[in-house]
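Report on one structure; see the data block that follows.
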Amino acid sequence: MSEDRRKLSIAMYHYTRDLKHSRYPDIKGLDIHLFRQQMEFFKTNCNVVTMEQVIDAVKGNSTLPDNAILLTFDDGYIDNFTYAYPILEEFGFQGSFFIPGKTFTTHQLLDVNKIHYILASADSAKLVVDVKQKMDYYRGREFDYPDTEELWNQYAIDERFDGKETVFVKRILQTVLPEKLRNIISSDLFEKYVGVTEEQLAYELYMTSEQIRTLRKHGMFIGIHGYDHYWLGNLSTEQMKEDILKALETMDEFIDRKEWVMNYPYGSYNDDVLSLIGENGACIGLTTDTRAAEIGKDSALLMPRLDCNDFPPKSENYKRL
């Protein structure tokens with residue numbers, strides 16, 4: 001296999017919508033006009049491959065074309081269906097859609113999305129003050145966790161696409177505080193800032209089972225993204241096992257249980273996660289490590305991805321990553 005044909009860029013998408021005319025224009029997504037431009041760039045400069053081609057290459061049965069790129073969509077958002085999917089069809093591209101089982105079975109808002117919409121609706125400096133006040137209020141009443149400023153110093157760091165205030169709020173409400181308290185604080189802040197109920201947003205935000213079925217019928221690939229969108233690497237072994245097996249059961253109609261693809265929520269995994277999915281038929285796992293993948297060199301269950309913002313028209317980061 002030539003060096004070029006070992007390389008695979010995997011593009012990661014979340015929200016794809018007409019941001020300017022949406023109710024939450026500050027949500028961090030790729031505007032649909034830029035999405036179309038990106039597909040035009042891929043058509044001219046890359047070879048968009050299917051997940052089936054990647055699985056075949058990982059198994060050593062074939063090679064990928066030069067400048068291969070795979071398109072992946074996380075979280076099962078309805079705007080992937082209403083905006084991105086028709087453009088994928090137009091260009092003849094396959095998208096791979098990774099859907100948390102909870103989104104279309106119980107129609108409950110995932111914690112990750114509560115936080116996204118709080119951040120899109122509130123001033124980040126004010127939000128940090130609110131979060132710190134709530135941390136101070138609840139500490140010692142029923143929950144124990146480190147000093148607020150200690151946690152600020154630990155988690156308030158700038159990342160590639162987020163400032164330190166946003167990163168702090170995300171980490172505290174996604175994983176640092178006890179789960180029960182995270183739910184309490186997230187729901188309080190959601191009610192204060194977002195302007196709709198959690199139930200309303202959940203029904204507006206996610207694809208239905210009928211839409212997922214339509215994607216699959218039209219040649220799109222459907223994969224696993226956990227059931228509850230937990231940080232799987234942070235769970236107890238029992239909790240992790242329960243979440244993944246529940247996801248497999250929920251998604252059974254849409255996947256091949258003997259050869260399916262895992263996309264780790266938040267990019268979080270550990271050796272127990274890898275063992276469990278490997279024993280249960282996973283053939284590829286997608287991380288959030290930021291670089292191009294190398295078929296045959298990278299572990300099939302630990303394939304890195306690039307953010308959609310790493311490609312034109314947003315940037316040319318893909319050249320150095």
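If you're wondering about the labels, chains in the structure tokens are A, B, ... by order shown, residues count from 1 in each chain, ligands from 1 in order shown.
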For this session: Please identify all polymer residues within 7 Å of Val112 of chain A, counting only C-alpha atoms, omitting same-chain residues fewer than 3 positions from it, and present them as a PyMOL selection string.
Result: chain A and resi 115-116+174
For this session: Excluding Leu201 of chain A and residues on its chain fewer than 2 positions from it, collect all residues at most 10 Å away from it, counting only C-alpha atoms, and give them as a ChimeraX atom specification.
Result: /A:107-109,113-114,117,194-199,203-206
For this session: Output as a PyMOL selection string all residues of segment 86-268 of chain A that backbone DSSP marks as strand (DSSP E).
Result: chain A and resi 95-99+221-224+260-263
Those same residues - N, CA and C atoms - I'd like them written as a CSV table (one decimal), in the first residue's frame.
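Here's the written file part38.csv:
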chain,number,residue,atom,x,y,z
A,95,GLY,N,-22.6,10.0,4.0
A,95,GLY,CA,-22.3,10.5,5.3
A,95,GLY,C,-22.5,9.3,6.3
A,96,SER,N,-21.7,9.3,7.3
A,96,SER,CA,-21.8,8.3,8.4
A,96,SER,C,-22.4,9.0,9.6
A,97,PHE,N,-23.5,8.6,10.1
A,97,PHE,CA,-24.3,9.3,11.2
A,97,PHE,C,-24.2,8.5,12.4
A,98,PHE,N,-23.8,9.1,13.5
A,98,PHE,CA,-23.6,8.4,14.8
A,98,PHE,C,-24.6,9.0,15.8
A,99,ILE,N,-25.5,8.1,16.3
A,99,ILE,CA,-26.7,8.6,16.9
A,99,ILE,C,-26.9,8.0,18.3
A,221,PHE,N,-24.5,5.7,6.2
A,221,PHE,CA,-24.1,4.7,7.1
A,221,PHE,C,-24.5,5.2,8.5
A,222,ILE,N,-25.0,4.2,9.3
A,222,ILE,CA,-25.5,4.5,10.7
A,222,ILE,C,-24.6,3.8,11.7
A,223,GLY,N,-24.1,4.5,12.7
A,223,GLY,CA,-23.2,3.9,13.7
A,223,GLY,C,-23.6,4.3,15.1
A,224,ILE,N,-22.8,3.8,16.1
A,224,ILE,CA,-23.1,3.8,17.5
A,224,ILE,C,-22.4,5.0,18.1
A,260,TRP,N,-19.8,-3.4,13.2
A,260,TRP,CA,-20.4,-2.0,13.4
A,260,TRP,C,-19.3,-1.0,13.8
A,261,VAL,N,-19.6,0.2,13.8
A,261,VAL,CA,-18.6,1.3,14.0
A,261,VAL,C,-19.0,2.1,15.3
A,262,MET,N,-18.0,2.3,16.1
A,262,MET,CA,-18.2,3.0,17.4
A,262,MET,C,-17.6,4.4,17.2
A,263,ASN,N,-18.4,5.4,17.7
A,263,ASN,CA,-17.9,6.8,17.8
A,263,ASN,C,-18.0,7.2,19.3
Exercise. Which residues, written as number ranges by chain, have at least one atom at most 9 Å from Ile185 of chain A, with only C-alpha atoms counted and residues fewer than 6 positions away on the same chain left out?
Worked result: A: 131, 134-135, 173
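Among the candidates A:Gly60, A:Gly163, A:Gly92, A:Gly76, the residue lying nearest to Phe42 of chain A is A:Gly92 (atoms considered: only C-alpha atoms).
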For this session: Give me the residues within 12 Å of Gly267 of chain A as a VMD selection string, counting only C-alpha atoms and dropping any in the same chain fewer than 6 places off.
Result: chain A and resid 12 74 225 to 226 229 to 234 273 285 to 290 301 to 305
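Distance check against Gly140 of chain A using only C-alpha atoms: of A:Ala120, A:Ile172, A:Leu245, A:Leu181, the minimum falls on A:Leu181.
Closest to Met240 of chain A among A:Asp26, A:Asp272, A:Asp256, A:Asp298 is A:Asp272, based on only C-alpha atoms.
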Exercise. Which neighbours of Ile69 of chain A fall inside 12 Å, counting only C-alpha atoms, when residues of the same chain fewer than 3 positions from it are skipped, and could you give them as number ranges by chain?
Worked result: A: 4-12, 39, 41-43, 45-51, 53-54, 64-66, 72, 93-96, 292-294, 305-306, 308, 311, 318
Export N, CA and C atoms of the chosen residues as an mmCIF file, in the first residue's frame?
data_model
loop_
_atom_site.group_PDB
_atom_site.id
_atom_site.type_symbol
_atom_site.label_atom_id
_atom_site.label_comp_id
_atom_site.auth_asym_id
_atom_site.auth_seq_id
_atom_site.Cartn_x
_atom_site.Cartn_y
_atom_site.Cartn_z
ATOM 1 N N ASP A 4 0.409 7.366 0.419
ATOM 2 C CA ASP A 4 -0.803 8.168 0.233
ATOM 3 C C ASP A 4 -2.054 7.344 0.509
ATOM 4 N N ARG A 5 -2.005 6.085 0.129
ATOM 5 C CA ARG A 5 -3.213 5.275 0.264
ATOM 6 C C ARG A 5 -3.381 4.707 1.666
ATOM 7 N N ARG A 6 -2.420 4.961 2.497
ATOM 8 C CA ARG A 6 -2.607 4.660 3.914
ATOM 9 C C ARG A 6 -3.373 5.788 4.601
ATOM 10 N N LYS A 7 -3.304 6.982 4.021
ATOM 11 C CA LYS A 7 -3.844 8.155 4.716
ATOM 12 C C LYS A 7 -5.330 8.314 4.459
ATOM 13 N N LEU A 8 -6.034 8.666 5.521
ATOM 14 C CA LEU A 8 -7.471 8.909 5.444
ATOM 15 C C LEU A 8 -7.798 10.098 6.328
ATOM 16 N N SER A 9 -8.381 11.130 5.747
ATOM 17 C CA SER A 9 -8.909 12.233 6.554
ATOM 18 C C SER A 9 -10.347 11.896 6.918
ATOM 19 N N ILE A 10 -10.681 12.033 8.188
ATOM 20 C CA ILE A 10 -12.057 11.802 8.644
ATOM 21 C C ILE A 10 -12.586 13.128 9.180
ATOM 22 N N ALA A 11 -13.566 13.692 8.488
ATOM 23 C CA ALA A 11 -14.126 14.987 8.872
ATOM 24 C C ALA A 11 -15.275 14.778 9.851
ATOM 25 N N MET A 12 -15.291 15.596 10.909
ATOM 26 C CA MET A 12 -16.292 15.484 11.978
ATOM 27 C C MET A 12 -17.227 16.697 11.950
ATOM 28 N N MET A 39 -18.333 20.826 0.507
ATOM 29 C CA MET A 39 -18.576 19.671 -0.364
ATOM 30 C C MET A 39 -18.007 19.927 -1.760
ATOM 31 N N PHE A 41 -15.411 21.771 -2.403
ATOM 32 C CA PHE A 41 -13.956 21.616 -2.245
ATOM 33 C C PHE A 41 -13.580 20.136 -2.260
ATOM 34 N N PHE A 42 -14.326 19.312 -1.533
ATOM 35 C CA PHE A 42 -14.026 17.874 -1.493
ATOM 36 C C PHE A 42 -14.194 17.233 -2.868
ATOM 37 N N LYS A 43 -15.218 17.660 -3.588
ATOM 38 C CA LYS A 43 -15.459 17.083 -4.913
ATOM 39 C C LYS A 43 -14.285 17.355 -5.852
ATOM 40 N N ASN A 45 -11.054 18.306 -4.861
ATOM 41 C CA ASN A 45 -9.709 18.043 -4.343
ATOM 42 C C ASN A 45 -9.520 16.703 -3.638
ATOM 43 N N CYS A 46 -10.604 15.991 -3.379
ATOM 44 C CA CYS A 46 -10.517 14.769 -2.570
ATOM 45 C C CYS A 46 -11.321 13.648 -3.204
ATOM 46 N N ASN A 47 -11.208 12.484 -2.631
ATOM 47 C CA ASN A 47 -12.067 11.355 -2.963
ATOM 48 C C ASN A 47 -12.867 10.991 -1.713
ATOM 49 N N VAL A 48 -14.151 11.345 -1.716
ATOM 50 C CA VAL A 48 -15.007 11.021 -0.571
ATOM 51 C C VAL A 48 -15.319 9.532 -0.617
ATOM 52 N N VAL A 49 -14.951 8.824 0.449
ATOM 53 C CA VAL A 49 -15.127 7.371 0.486
ATOM 54 C C VAL A 49 -16.267 7.009 1.425
ATOM 55 N N THR A 50 -16.746 5.786 1.288
ATOM 56 C CA THR A 50 -17.811 5.285 2.153
ATOM 57 C C THR A 50 -17.210 4.569 3.355
ATOM 58 N N MET A 51 -18.026 4.403 4.375
ATOM 59 C CA MET A 51 -17.568 3.652 5.542
ATOM 60 C C MET A 51 -17.268 2.202 5.158
ATOM 61 N N GLN A 53 -16.002 1.156 2.386
ATOM 62 C CA GLN A 53 -14.658 1.140 1.799
ATOM 63 C C GLN A 53 -13.579 1.183 2.888
ATOM 64 N N VAL A 54 -13.831 1.997 3.919
ATOM 65 C CA VAL A 54 -12.857 2.117 5.008
ATOM 66 C C VAL A 54 -12.761 0.800 5.776
ATOM 67 N N LEU A 64 -7.463 2.430 -0.273
ATOM 68 C CA LEU A 64 -8.278 3.615 -0.507
ATOM 69 C C LEU A 64 -7.670 4.450 -1.622
ATOM 70 N N PRO A 65 -8.481 5.261 -2.298
ATOM 71 C CA PRO A 65 -7.931 6.166 -3.306
ATOM 72 C C PRO A 65 -7.072 7.250 -2.661
ATOM 73 N N ASP A 66 -6.272 7.925 -3.461
ATOM 74 C CA ASP A 66 -5.503 9.059 -2.953
ATOM 75 C C ASP A 66 -6.457 10.140 -2.436
ATOM 76 N N THR A 72 -18.245 12.255 8.740
ATOM 77 C CA THR A 72 -18.947 11.710 9.909
ATOM 78 C C THR A 72 -19.741 12.802 10.618
ATOM 79 N N PHE A 93 -22.322 11.812 -2.212
ATOM 80 C CA PHE A 93 -21.433 11.464 -1.102
ATOM 81 C C PHE A 93 -22.194 10.683 -0.041
ATOM 82 N N GLN A 94 -21.496 9.757 0.613
ATOM 83 C CA GLN A 94 -22.069 9.099 1.785
ATOM 84 C C GLN A 94 -21.665 9.849 3.045
ATOM 85 N N GLY A 95 -22.601 10.026 3.956
ATOM 86 C CA GLY A 95 -22.295 10.485 5.301
ATOM 87 C C GLY A 95 -22.475 9.332 6.267
ATOM 88 N N SER A 96 -21.677 9.323 7.339
ATOM 89 C CA SER A 96 -21.835 8.324 8.405
ATOM 90 C C SER A 96 -22.383 9.044 9.623
ATOM 91 N N ALA A 292 -4.843 13.290 10.563
ATOM 92 C CA ALA A 292 -5.295 12.314 9.577
ATOM 93 C C ALA A 292 -5.005 10.909 10.088
ATOM 94 N N ALA A 293 -5.843 9.966 9.711
ATOM 95 C CA ALA A 293 -5.648 8.564 10.097
ATOM 96 C C ALA A 293 -4.684 7.896 9.122
ATOM 97 N N GLU A 294 -4.005 6.865 9.615
ATOM 98 C CA GLU A 294 -3.124 6.054 8.757
ATOM 99 C C GLU A 294 -3.576 4.602 8.857
ATOM 100 N N ARG A 305 -9.682 11.957 13.978
ATOM 101 C CA ARG A 305 -10.521 12.724 13.055
ATOM 102 C C ARG A 305 -10.100 14.191 13.055
ATOM 103 N N LEU A 306 -10.479 14.877 11.997
ATOM 104 C CA LEU A 306 -10.294 16.316 11.886
ATOM 105 C C LEU A 306 -11.655 16.996 11.992
ATOM 106 N N CYS A 308 -14.550 19.698 11.022
ATOM 107 C CA CYS A 308 -14.941 20.309 9.748
ATOM 108 C C CYS A 308 -14.337 21.709 9.581
ATOM 109 N N PHE A 311 -11.021 22.353 7.405
ATOM 110 C CA PHE A 311 -11.019 22.305 5.942
ATOM 111 C C PHE A 311 -11.576 23.603 5.363
ATOM 112 N N TYR A 318 -6.023 21.329 7.736
ATOM 113 C CA TYR A 318 -5.837 19.920 7.350
ATOM 114 C C TYR A 318 -4.460 19.680 6.739
#
For this session: Pick out the residues sitting within 12 Å of Thr106 of chain A, and hand them over as an NGL selection string; count only C-alpha atoms, and ignore anything fewer than 3 positions along from it in its own chain.
Result: :A and (100-103 or 109-110 or 199 or 202-203 or 206 or 208-209 or 227-228 or 250)
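Proximity to Cys283 of chain A was assessed for A:Leu30, A:Pro313, A:Val58, A:Gln200 counting only C-alpha atoms; the smallest distance is recorded for A:Val58.
From atom CA of Glu179 of chain A back to atom CA of Asn280 of chain A, the distance works out to 27.4 Å.
Among A:Ser268, A:Ser121, A:Asn61, A:Thr82, the residue with the shortest atom-to-atom distance to Ile27 of chain A, counting only C-alpha atoms, is A:Ser121.
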